[in-house]
$ cat work_7.cif   # mmCIF, C-alpha atoms
data_work
#
loop_
_atom_site.label_atom_id
_atom_site.label_comp_id
_atom_site.auth_asym_id
_atom_site.auth_seq_id
_atom_site.Cartn_x
_atom_site.Cartn_y
_atom_site.Cartn_z
CA PRO H 43 93.13 115.20 99.65
CA THR H 44 92.83 117.23 102.84
CA PRO H 45 96.13 117.82 104.65
CA GLY H 46 96.31 115.49 107.61
CA THR H 47 94.36 112.69 105.89
CA TYR H 48 97.48 111.18 104.31
CA PRO H 49 101.16 111.00 105.30
CA THR H 50 103.46 113.63 103.80
CA THR H 51 106.98 112.72 102.63
CA ALA H 52 108.19 113.88 106.08
CA ASP H 53 105.62 111.57 107.79
CA VAL H 54 106.77 108.64 105.62
CA ALA H 55 110.38 109.19 106.75
CA LYS H 56 109.29 109.36 110.42
CA ILE H 57 107.24 106.16 110.18
CA ALA H 58 110.06 104.33 108.37
CA ALA H 59 112.42 105.38 111.17
CA MET H 60 110.27 103.82 113.94
CA THR H 61 112.29 101.16 115.76
CA ASP H 62 109.59 98.84 117.14
CA PRO H 63 108.83 96.48 114.21
CA VAL H 64 105.25 95.72 115.33
CA GLU H 65 104.25 99.37 115.84
CA ARG H 66 106.07 100.40 112.67
CA ASN H 67 104.21 97.79 110.61
CA LEU H 68 100.82 98.99 111.95
CA ALA H 69 101.75 102.58 111.04
CA ILE H 70 103.00 101.51 107.59
CA THR H 71 99.78 99.58 106.87
CA GLN H 72 97.61 102.56 107.84
CA ALA H 73 99.87 104.92 105.87
CA TYR H 74 99.54 102.80 102.72
CA HIS H 75 95.76 102.91 103.09
CA ASP H 76 95.75 106.70 103.48
CA LEU H 77 98.15 107.16 100.54
CA SER H 78 95.94 104.84 98.47
CA ASP H 79 92.93 106.96 99.42
CA ALA H 80 94.73 110.20 98.56
CA MET H 81 95.81 108.73 95.20
CA GLY H 82 92.19 107.62 94.67
CA THR H 83 91.11 111.25 95.06
CA LEU H 84 93.55 112.23 92.29
CA VAL H 85 93.30 109.34 89.82
CA GLY H 86 89.84 108.00 90.73
CA LYS H 87 88.84 105.01 92.81
CA GLU H 88 87.44 102.95 89.98
CA ASN H 89 90.98 101.51 89.71
CA ALA H 90 93.06 100.41 92.68
CA ASN H 91 96.60 101.80 92.75
CA TRP H 92 99.72 99.94 93.94
CA SER H 93 99.39 101.43 97.43
CA THR H 94 95.86 99.99 97.66
CA PHE H 95 97.26 96.47 97.28
CA ALA H 96 100.27 97.29 99.49
CA THR H 97 97.87 98.03 102.39
CA TRP H 98 96.76 94.38 102.49
CA ALA H 99 100.22 92.94 101.85
CA SER H 100 101.59 95.03 104.74
CA LYS H 101 98.72 93.98 107.00
CA GLN H 102 99.51 90.34 106.18
CA ALA H 103 103.23 90.93 106.82
CA GLY H 104 102.19 92.14 110.29
CA ALA H 105 100.79 88.69 111.15
CA SER H 106 104.20 87.17 110.35
CA ILE H 107 106.10 89.94 112.15
CA ARG H 108 103.98 89.28 115.24
CA GLN H 109 104.50 85.52 114.70
CA GLU H 110 100.80 84.85 115.00
CA ASP H 111 100.63 82.03 112.53
CA MET H 112 103.35 79.52 113.00
CA PRO H 113 105.01 77.99 116.11
CA LYS H 114 102.31 75.53 117.22
CA VAL H 115 102.08 73.93 113.78
CA PHE H 116 105.81 73.27 113.73
CA VAL H 117 105.78 71.70 117.21
CA ASP H 118 102.86 69.49 116.10
CA ALA H 119 104.84 68.44 113.02
CA LEU H 120 107.79 67.48 115.24
CA LYS H 121 105.64 65.35 117.52
CA GLY H 122 103.74 63.77 114.67
CA GLY H 123 106.47 61.38 113.51
CA GLY H 124 106.48 61.16 109.70
CA VAL H 125 109.71 61.98 107.84
CA ILE H 126 111.07 63.99 110.77
CA GLY H 127 110.29 61.25 113.28
CA GLU H 128 112.05 58.72 111.08
CA ALA H 129 115.19 60.86 110.70
CA MET H 130 115.21 61.63 114.45
CA SER H 131 115.04 57.98 115.44
CA LYS H 132 118.05 57.23 113.18
CA VAL H 133 120.03 59.97 114.96
CA ASP H 134 118.89 58.68 118.36
CA ASP H 135 120.01 55.11 117.47
CA VAL H 136 123.52 56.34 116.66
CA LEU H 137 123.64 58.53 119.77
CA ARG H 138 122.51 55.64 121.95
CA LYS H 139 125.31 53.41 120.57
CA LEU H 140 127.77 56.15 121.57
CA GLY H 141 126.25 56.32 125.06
CA LEU H 142 124.82 59.80 124.33
CA PRO H 143 121.35 61.03 125.35
CA ALA H 144 118.61 61.26 122.71
CA LEU H 145 117.94 64.60 121.03
CA PRO H 146 115.83 66.84 123.26
CA LEU H 147 112.66 67.85 121.39
CA GLY H 148 112.74 71.16 123.26
CA ASP H 149 116.03 72.08 121.56
CA ILE H 150 114.57 71.48 118.11
CA THR H 151 111.48 73.51 119.00
CA LYS H 152 113.80 76.29 120.19
CA ALA H 153 115.61 76.10 116.84
CA GLY H 154 112.25 76.47 115.09
CA SER H 155 111.54 79.55 117.15
CA ASP H 156 114.99 81.03 116.32
CA ALA H 157 114.43 80.35 112.63
CA LEU H 158 111.05 82.05 112.92
CA ASN H 159 112.65 85.13 114.51
CA ASN H 160 114.98 85.35 111.51
CA ILE H 161 112.03 85.11 109.13
CA SER H 162 109.95 87.73 110.90
CA LYS H 163 112.94 90.10 111.06
CA ALA H 164 113.51 89.71 107.31
CA ILE H 165 109.80 90.41 106.65
CA ALA H 166 109.83 93.46 108.96
CA ASP H 167 113.02 94.81 107.33
CA GLY H 168 111.56 94.35 103.84
CA ASN H 169 108.30 96.05 104.88
CA GLN H 170 110.30 99.01 106.23
CA PHE H 171 112.63 99.22 103.20
CA VAL H 172 109.87 99.26 100.56
CA PHE H 173 107.70 101.73 102.47
CA LYS H 174 110.59 104.14 102.98
CA GLU H 175 111.27 104.17 99.24
CA VAL H 176 107.91 103.63 97.52
CA GLY H 177 105.74 105.28 100.21
CA HIS H 178 107.91 108.37 99.79
CA GLU H 179 107.11 108.47 96.06
CA PHE H 180 103.35 108.11 96.58
CA ALA H 181 103.43 110.96 99.11
CA ARG H 182 105.50 113.10 96.69
CA PHE H 183 103.03 112.40 93.86
CA VAL H 184 100.08 113.51 95.99
CA GLU H 185 101.93 116.60 97.23
CA THR H 186 102.90 117.53 93.64
CA PHE H 187 99.66 117.02 91.73
CA GLN H 188 96.80 117.58 94.18
CA GLY H 189 94.44 120.28 92.96
CA ASP H 190 95.63 120.07 89.32
CA THR H 191 92.81 120.09 86.75
CA GLN H 192 94.88 119.38 83.64
CA LEU H 193 98.23 117.82 82.79
CA ASP H 194 101.03 120.38 82.76
CA PRO H 195 103.87 118.80 80.72
CA ALA H 196 106.58 121.12 82.12
CA LYS H 197 105.49 120.40 85.71
CA LEU H 198 105.35 116.67 84.98
CA GLN H 199 108.87 116.74 83.49
CA LYS H 200 110.24 118.60 86.51
CA TYR H 201 108.56 116.06 88.82
CA LEU H 202 109.97 113.10 86.83
CA ASP H 203 113.45 114.67 86.95
CA GLY H 204 113.18 114.36 90.74
CA PHE H 205 113.51 110.55 90.57
CA PRO H 206 116.91 109.06 91.34
CA GLN H 207 118.77 107.81 88.23
CA ASP H 208 118.84 104.25 89.55
CA LYS H 209 115.04 104.03 89.86
CA PRO H 210 113.86 104.06 86.21
CA LEU H 211 110.89 101.77 86.90
CA LEU H 212 109.48 104.09 89.57
CA LYS H 213 109.93 107.09 87.26
CA GLU H 214 108.09 105.27 84.49
CA ALA H 215 105.29 104.08 86.82
CA PHE H 216 104.53 107.49 88.32
CA GLY H 217 104.64 109.06 84.86
CA ASN H 218 101.85 106.63 83.94
CA TYR H 219 99.87 107.51 87.09
CA ALA H 220 100.14 111.18 86.06
CA GLN H 221 98.84 110.36 82.55
CA ALA H 222 96.01 108.29 84.08
CA MET H 223 94.91 111.26 86.19
CA PHE H 224 93.61 113.10 83.12
CA GLU H 225 92.72 110.16 80.83
CA LYS H 226 89.03 110.29 79.93
CA ASP H 227 88.75 106.90 78.14
CA PRO H 228 87.98 104.31 80.88
CA ASN H 229 89.76 101.48 79.00
CA LYS H 230 92.92 103.49 78.44
CA LYS H 231 92.83 104.72 82.03
CA ALA H 232 92.46 101.20 83.47
CA GLU H 233 95.38 100.03 81.32
CA LEU H 234 97.59 102.96 82.38
CA MET H 235 96.82 102.17 86.01
CA LEU H 236 97.60 98.48 85.55
CA LEU H 237 100.84 99.34 83.74
CA ALA H 238 101.84 101.68 86.59
CA ASN H 239 100.83 99.14 89.28
CA ASN H 240 102.79 96.33 87.60
CA THR H 241 105.84 98.56 87.11
CA VAL H 242 105.90 99.59 90.78
CA GLY H 243 105.37 95.91 91.62
CA LEU H 244 108.35 94.85 89.50
CA HIS H 245 110.57 97.53 91.07
CA GLU H 246 109.47 96.62 94.60
CA GLN H 247 109.77 92.84 94.14
CA THR H 248 113.24 93.23 92.59
CA GLN H 249 114.31 95.34 95.58
CA LEU H 250 112.76 92.81 97.97
CA GLN H 251 114.59 89.82 96.50
CA SER H 252 117.29 89.63 99.19
CA TYR H 253 114.69 90.02 101.99
CA VAL H 254 112.49 87.28 100.51
CA GLU H 255 115.49 84.95 100.17
CA LYS H 256 116.49 85.72 103.75
CA ALA H 257 112.98 84.99 104.96
CA LEU H 258 112.56 81.77 103.02
CA ASN H 259 115.97 80.26 102.49
CA SER H 260 119.04 81.17 104.34
CA PRO H 261 118.99 80.78 108.08
CA VAL H 262 116.84 77.72 108.62
CA LYS H 263 119.42 74.99 108.01
CA ASP H 264 122.17 76.78 109.94
CA VAL H 265 119.89 77.35 112.90
CA PHE H 266 118.89 73.67 113.14
CA ARG H 267 122.46 72.55 112.51
CA ASN H 268 123.90 74.76 115.27
CA ILE H 269 121.36 73.70 117.86
CA LEU H 270 121.74 69.97 117.09
CA ASP H 271 125.55 70.22 117.16
CA LYS H 272 125.47 72.05 120.49
CA SER H 273 122.98 69.56 121.94
CA ILE H 274 125.09 66.54 120.91
CA GLU H 275 128.32 68.21 122.09
CA ALA H 276 126.77 69.01 125.47
CA GLY H 277 125.71 65.35 125.77
CA ALA H 278 129.29 64.19 125.07
CA ASN H 279 130.79 66.68 127.57
CA ALA H 280 128.42 65.46 130.28
CA LEU H 281 129.66 61.86 130.00
CA PRO H 282 132.19 60.59 132.58
CA PHE H 283 135.81 59.94 131.56
CA PRO H 284 136.79 58.02 129.36
CA ALA H 285 133.35 57.67 127.68
CA ASN H 286 133.39 61.40 126.94
CA LEU H 287 136.61 61.07 124.90
CA ALA H 288 135.27 58.11 122.94
CA ALA H 289 132.02 59.99 122.15
CA LYS H 290 133.94 63.11 121.06
CA ALA H 291 136.20 61.00 118.84
CA ALA H 292 133.12 59.39 117.24
CA ILE H 293 131.56 62.83 116.64
CA LYS H 294 134.83 64.02 115.05
CA SER H 295 134.96 60.95 112.79
CA GLY H 296 131.76 62.12 111.02
CA VAL H 297 129.64 59.11 111.97
CA VAL H 298 127.13 61.38 113.74
CA ASP H 299 127.05 63.83 110.81
CA LEU H 300 125.95 61.04 108.49
CA VAL H 301 122.62 60.79 110.33
CA VAL H 302 122.39 64.42 111.48
CA ASN H 303 122.70 65.90 107.96
CA PRO H 304 119.54 64.22 106.59
CA LEU H 305 117.66 65.26 109.76
CA VAL H 306 118.75 68.89 109.29
CA ASP H 307 117.59 68.76 105.65
CA LYS H 308 114.21 67.32 106.63
CA LEU H 309 113.70 69.79 109.50
CA ALA H 310 114.53 72.67 107.17
CA ASP H 311 112.21 71.33 104.45
CA VAL H 312 109.30 70.80 106.83
CA PHE H 313 109.86 74.17 108.50
CA ARG H 314 110.06 75.93 105.14
CA GLY H 315 106.93 74.15 103.92
CA ILE H 316 104.98 75.24 106.98
CA ALA H 317 106.41 78.77 106.84
CA THR H 318 105.47 79.03 103.17
CA GLU H 319 102.00 77.61 103.74
CA HIS H 320 101.33 79.97 106.63
CA MET H 321 103.10 83.11 105.52
CA MET H 322 102.50 82.92 101.82
CA LYS H 323 98.91 83.99 101.94
CA LEU H 324 97.29 87.34 101.42
CA ALA H 325 94.15 88.22 103.35
CA VAL H 326 92.21 90.67 101.19
CA PRO H 327 88.68 91.93 101.89
CA GLY H 328 86.39 88.97 101.29
CA GLY H 329 88.88 86.13 101.76
CA ALA H 330 92.46 84.87 101.98
CA LEU H 331 94.46 84.04 98.87
CA LYS H 332 97.11 81.31 99.02
CA LEU H 333 100.01 82.47 96.93
CA GLY H 334 101.10 78.93 96.09
CA ASN H 335 97.72 78.10 94.52
CA ASP H 336 96.39 79.43 91.23
CA LEU H 337 94.60 82.72 91.77
CA PRO H 338 90.82 82.19 91.92
CA PRO H 339 88.73 84.51 89.73
CA PRO H 340 87.00 87.30 91.65
CA PRO H 341 83.43 86.43 92.75
CA GLY H 342 81.08 87.01 89.84
CA MET H 343 83.90 86.96 87.25
CA GLU H 344 84.24 83.17 87.01
CA ASP H 345 83.76 83.30 83.20
CA THR H 346 85.39 86.62 82.36
CA LEU H 347 88.25 86.53 84.96
CA PHE H 348 89.07 90.22 84.50
CA PRO H 349 87.07 93.44 85.06
CA PRO H 350 85.42 94.92 81.93
CA HIS H 351 88.10 97.52 81.12
CA LEU H 352 90.94 94.98 81.38
CA ARG H 353 89.50 92.01 79.50
CA THR H 354 91.49 92.84 76.40
CA ILE H 355 94.79 94.71 76.54
CA GLU H 356 95.49 97.32 73.85
CA ASP H 357 98.35 99.39 75.34
CA PRO H 358 101.56 98.13 73.64
CA LYS H 359 103.76 98.78 76.71
CA LEU H 360 101.36 96.89 78.97
CA ARG H 361 101.15 94.03 76.45
CA GLU H 362 104.95 93.85 76.35
CA LEU H 363 105.22 93.83 80.17
CA LEU H 364 102.51 91.17 80.56
CA GLY H 365 104.18 89.17 77.78
CA ARG H 366 107.35 89.05 79.89
CA MET H 367 105.75 88.53 83.31
CA ASP H 368 102.61 86.46 82.76
CA SER H 369 103.33 82.82 81.98
CA SER H 370 99.71 82.12 80.93
CA PRO H 371 98.30 85.18 79.11
CA ASP H 372 94.61 85.97 79.71
CA SER H 373 94.28 82.95 82.01
CA LEU H 374 94.76 82.23 85.72
CA LYS H 375 96.08 78.70 85.12
CA GLY H 376 99.62 78.33 86.43
CA SER H 377 99.44 81.63 88.34
CA GLY H 378 100.33 79.99 91.70
CA ALA H 379 103.89 80.69 92.90
CA LYS H 380 105.25 77.29 93.95
CA ASP H 381 108.51 78.90 95.06
CA TRP H 382 107.98 82.42 96.37
CA SER H 383 111.77 82.99 96.50
CA LYS H 384 111.81 83.16 92.67
CA LEU H 385 111.17 86.67 91.36
CA ASP H 386 109.58 85.46 88.10
CA GLN H 387 107.07 83.27 89.99
CA ARG H 388 106.13 86.16 92.31
CA MET H 389 105.62 88.53 89.38
CA ASN H 390 103.61 85.91 87.45
CA TYR H 391 101.21 85.80 90.43
CA ILE H 392 101.21 89.56 91.09
CA VAL H 393 100.36 90.68 87.53
CA ASP H 394 97.29 88.40 87.61
CA LEU H 395 96.37 89.57 91.12
CA PHE H 396 96.54 93.23 90.03
CA ARG H 397 94.62 92.65 86.79
CA THR H 398 91.80 90.56 88.30
CA ARG H 399 91.28 92.74 91.39
CA GLN H 400 91.97 96.25 90.09
CA SER H 401 88.31 97.29 90.12
CA ASP H 402 87.41 95.79 93.53
CA PRO H 403 86.12 98.76 95.60
CA HIS H 404 86.62 96.83 98.88
CA LEU H 405 90.39 97.12 98.52
CA PHE H 406 89.92 100.75 99.59
CA ASP H 407 88.35 99.59 102.90
CA GLN H 408 90.06 100.59 106.13
CA PRO H 409 92.55 97.82 107.01
CA PHE H 410 91.77 98.05 110.73
CA GLY H 411 88.09 98.83 110.38
CA LYS H 412 88.18 102.38 111.64
CA GLU H 413 89.05 105.84 110.41
CA ALA H 414 92.57 106.80 111.40
CA HIS H 415 94.36 109.85 110.09
CA TYR H 416 97.60 111.75 110.35
CA PRO H 417 97.52 114.70 112.71
CA VAL H 418 98.91 117.70 110.82
CA ALA H 419 100.33 119.01 114.08
CA PRO H 420 100.15 117.72 117.65
CA PRO H 421 96.94 118.91 119.34
CA ALA H 422 97.47 122.18 121.21
CA PRO H 423 97.41 121.87 125.02
CA LYS H 424 94.02 122.74 126.48
CA ARG H 425 94.10 126.18 127.99
CA ALA H 426 92.20 127.13 131.11
CA PRO H 427 89.27 129.36 130.15
CA ALA H 428 90.16 133.03 130.44
CA PRO H 429 88.69 134.62 133.56
CA ALA H 430 85.50 136.49 132.80
CA VAL H 431 85.99 140.24 132.76
CA SER H 432 83.43 141.90 134.94
#
$ encode --input "work_7.cif" --output "structure tokens"
Amino acid sequence: PTPGTYPTTADVAKIAAMTDPVERNLAITQAYHDLSDAMGTLVGKENANWSTFATWASKQAGASIRQEDMPKVFVDALKGGGVIGEAMSKVDDVLRKLGLPALPLGDITKAGSDALNNISKAIADGNQFVFKEVGHEFARFVETFQGDTQLDPAKLQKYLDGFPQDKPLLKEAFGNYAQAMFEKDPNKKAELMLLANNTVGLHEQTQLQSYVEKALNSPVKDVFRNILDKSIEAGANALPFPANLAAKAAIKSGVVDLVVNPLVDKLADVFRGIATEHMMKLAVPGGALKLGNDLPPPPGMEDTLFPPHLRTIEDPKLRELLGRMDSSPDSLKGSGAKDWSKLDQRMNYIVDLFRTRQSDPHLFDQPFGKEAHYPVAPPAPKRAPAPAVS
């Protein structure tokens, strides 16, 4: 790869240090593409590498970070009655009996927007964290092995010794990428690439666990709870004396909580359902995949499911890994991740995604539809032409 066409380890650190989450995500997405391209030059583009897939996952994360895909749907769900409407009217009945105003819809919408901010922050933080760590290793691989025409075991060992002790999966994965670089047998090569991709995937998804849980689970209930409590408290404080004391005493007695708790649960469930539906998709070239549904076979592979070199798996290490991760071997049934917060469900989906799509050349497409590259150095200032010497 030509210098300047992919980010160096120093560039990766600079991008990871960017503070604006939207700009940083755009730079990360482009960097993954350029690293994927540089890896493709070394290991061949007949097999996608992990960074190739990461390009599209990062681009999708950007839609959530920019909150492009969510608020209106939640507001519509609030206005549409259903389970939320039912729970809200129960709360309003109790509030009315206490002489308190009904729940303002605007407050609940505001809570939805706060919950969404928490989600998009968790997604942005996870995007940054993984890129800083895994992007660094892709850049180091390219910097180490570019130009090599055969595998040098001593050089490989020295490179592998450069991995931190607590990152055995990354060490193993990049060792397999190095072997794949010089593997002539297309079946063995495809399997080495899939083994490496899955191993990076397992490392990355394990590291991401706390970010995924933050994005999907933690803050939603608390956010709705706090806003509803504040709203009801403000209503009680606004009442004239002595009604305000009676309302506060009723709130303290727990009678309001009895109807507010089920509402909080339902709001959180509906919000999480919408968030999952909207955020748990992956737009790849040629269509969007819903991560909660079984993975569809790639176009043209409806009967075979997998590309030619991955239809049967011979490599014992890859067989062992797939045996642990894939709940339905050699099939796409049951590949959908019903609960994306569970690591085993994510991996079950990812190993099938990687195996079915590994030979799709469109994954190497530019994510933003144009060539964009890393300047090796800032452009030199334009100098005034030297005066002609007569």
$ resolve_selection --input "work_7.cif" --expression "the PyMOL selection byres ((chain H and resi 174) around 12)" --output "VMD selection string"
chain H and resid 49 to 60 66 to 67 70 73 to 74 167 to 173 175 to 181 246
$ atom_distance --input "work_7.cif" --atom1 "CA of Trp98 in chain H" --atom2 "CA of Gln221 in chain H"
25.6 Å
$ resolve_selection --input "work_7.cif" --expression "the PyMOL selection byres ((chain H and resi 301) around 10)" --output "list in words"
Ala129, Met130, Ser131, Lys132, Val133, Asp134, Asp135, Val136, Leu137, Gly296, Val297, Val298, Asp299, Leu300, Val302, Asn303, Pro304, Leu305 and Val306 of chain H
$ resolve_selection --input "work_7.cif" --expression "the PyMOL selection byres ((chain H and resi 224) around 12)" --output "list in words"
Leu84, Val85, Gly86, Phe187, Asp190, Thr191, Gln192, Leu193, Asp194, Pro195, Gly217, Asn218, Tyr219, Ala220, Gln221, Ala222, Met223, Glu225, Lys226, Asp227, Pro228, Lys230, Lys231, Ala232, Leu234 and Met235 of chain H
$ closest_residue --input "work_7.cif" --among "H:Gly154, H:Asn229, H:Ile274, H:Gln199" --to "Asn286 in chain H" --atoms "only C-alpha atoms"
H:Ile274
$ residues_around --input "work_7.cif" --residues "Ala96 in chain H" --least-positions-apart "2" --cutoff "12 Å" --atoms "all atoms listed in the file" --output "JSON list (two decimals) with C-alpha atoms, in the coordinates of the input"
[["chain", "number", "residue", "atom", "x", "y", "z"],
["H", 67, "ASN", "CA", 104.21, 97.79, 110.61],
["H", 70, "ILE", "CA", 103.00, 101.51, 107.59],
["H", 71, "THR", "CA", 99.78, 99.58, 106.87],
["H", 72, "GLN", "CA", 97.61, 102.56, 107.84],
["H", 73, "ALA", "CA", 99.87, 104.92, 105.87],
["H", 74, "TYR", "CA", 99.54, 102.80, 102.72],
["H", 75, "HIS", "CA", 95.76, 102.91, 103.09],
["H", 76, "ASP", "CA", 95.75, 106.70, 103.48],
["H", 77, "LEU", "CA", 98.15, 107.16, 100.54],
["H", 78, "SER", "CA", 95.94, 104.84, 98.47],
["H", 90, "ALA", "CA", 93.06, 100.41, 92.68],
["H", 91, "ASN", "CA", 96.60, 101.80, 92.75],
["H", 92, "TRP", "CA", 99.72, 99.94, 93.94],
["H", 93, "SER", "CA", 99.39, 101.43, 97.43],
["H", 94, "THR", "CA", 95.86, 99.99, 97.66],
["H", 98, "TRP", "CA", 96.76, 94.38, 102.49],
["H", 99, "ALA", "CA", 100.22, 92.94, 101.85],
["H", 100, "SER", "CA", 101.59, 95.03, 104.74],
["H", 101, "LYS", "CA", 98.72, 93.98, 107.00],
["H", 102, "GLN", "CA", 99.51, 90.34, 106.18],
["H", 103, "ALA", "CA", 103.23, 90.93, 106.82],
["H", 169, "ASN", "CA", 108.30, 96.05, 104.88],
["H", 172, "VAL", "CA", 109.87, 99.26, 100.56],
["H", 173, "PHE", "CA", 107.70, 101.73, 102.47],
["H", 176, "VAL", "CA", 107.91, 103.63, 97.52],
["H", 177, "GLY", "CA", 105.74, 105.28, 100.21],
["H", 180, "PHE", "CA", 103.35, 108.11, 96.58],
["H", 239, "ASN", "CA", 100.83, 99.14, 89.28],
["H", 242, "VAL", "CA", 105.90, 99.59, 90.78],
["H", 243, "GLY", "CA", 105.37, 95.91, 91.62],
["H", 246, "GLU", "CA", 109.47, 96.62, 94.60],
["H", 247, "GLN", "CA", 109.77, 92.84, 94.14],
["H", 324, "LEU", "CA", 97.29, 87.34, 101.42],
["H", 325, "ALA", "CA", 94.15, 88.22, 103.35],
["H", 326, "VAL", "CA", 92.21, 90.67, 101.19],
["H", 392, "ILE", "CA", 101.21, 89.56, 91.09],
["H", 396, "PHE", "CA", 96.54, 93.23, 90.03],
["H", 405, "LEU", "CA", 90.39, 97.12, 98.52],
["H", 406, "PHE", "CA", 89.92, 100.75, 99.59],
["H", 409, "PRO", "CA", 92.55, 97.82, 107.01]]
$ axis_aligned_box --input "work_7.cif" --around "range 234-251 of chain H" --padding-each-side "5 Å" --output "JSON"
{"center_x": 105.7, "center_y": 96.4, "center_z": 90.2, "size_x": 27.8, "size_y": 23.1, "size_z": 25.6}
$ atom_distance --input "work_7.cif" --atom1 "CA of Ser273 in chain H" --atom2 "CA of Gly122 in chain H"
21.4 Å
$ atom_distance --input "work_7.cif" --atom1 "CA of Val312 in chain H" --atom2 "CA of Gly277 in chain H"
25.6 Å
$ closest_residue --input "work_7.cif" --among "H:Asp407, H:Glu88, H:Val393, H:Phe266" --to "Leu244 in chain H" --atoms "all atoms listed in the file"
H:Val393
$ closest_residue --input "work_7.cif" --among "H:Ala317, H:Leu237, H:Ala164, H:Leu287" --to "Asp381 in chain H" --atoms "only C-alpha atoms"
H:Ala317
$ closest_residue --input "work_7.cif" --among "H:Lys263, H:Lys114, H:Ala379, H:Lys163" --to "Lys308 in chain H" --atoms "all atoms listed in the file"
H:Lys263
$ closest_residue --input "work_7.cif" --among "H:Phe216, H:Tyr253, H:Phe313, H:Phe95" --to "Asp402 in chain H" --atoms "all atoms listed in the file"
H:Phe95
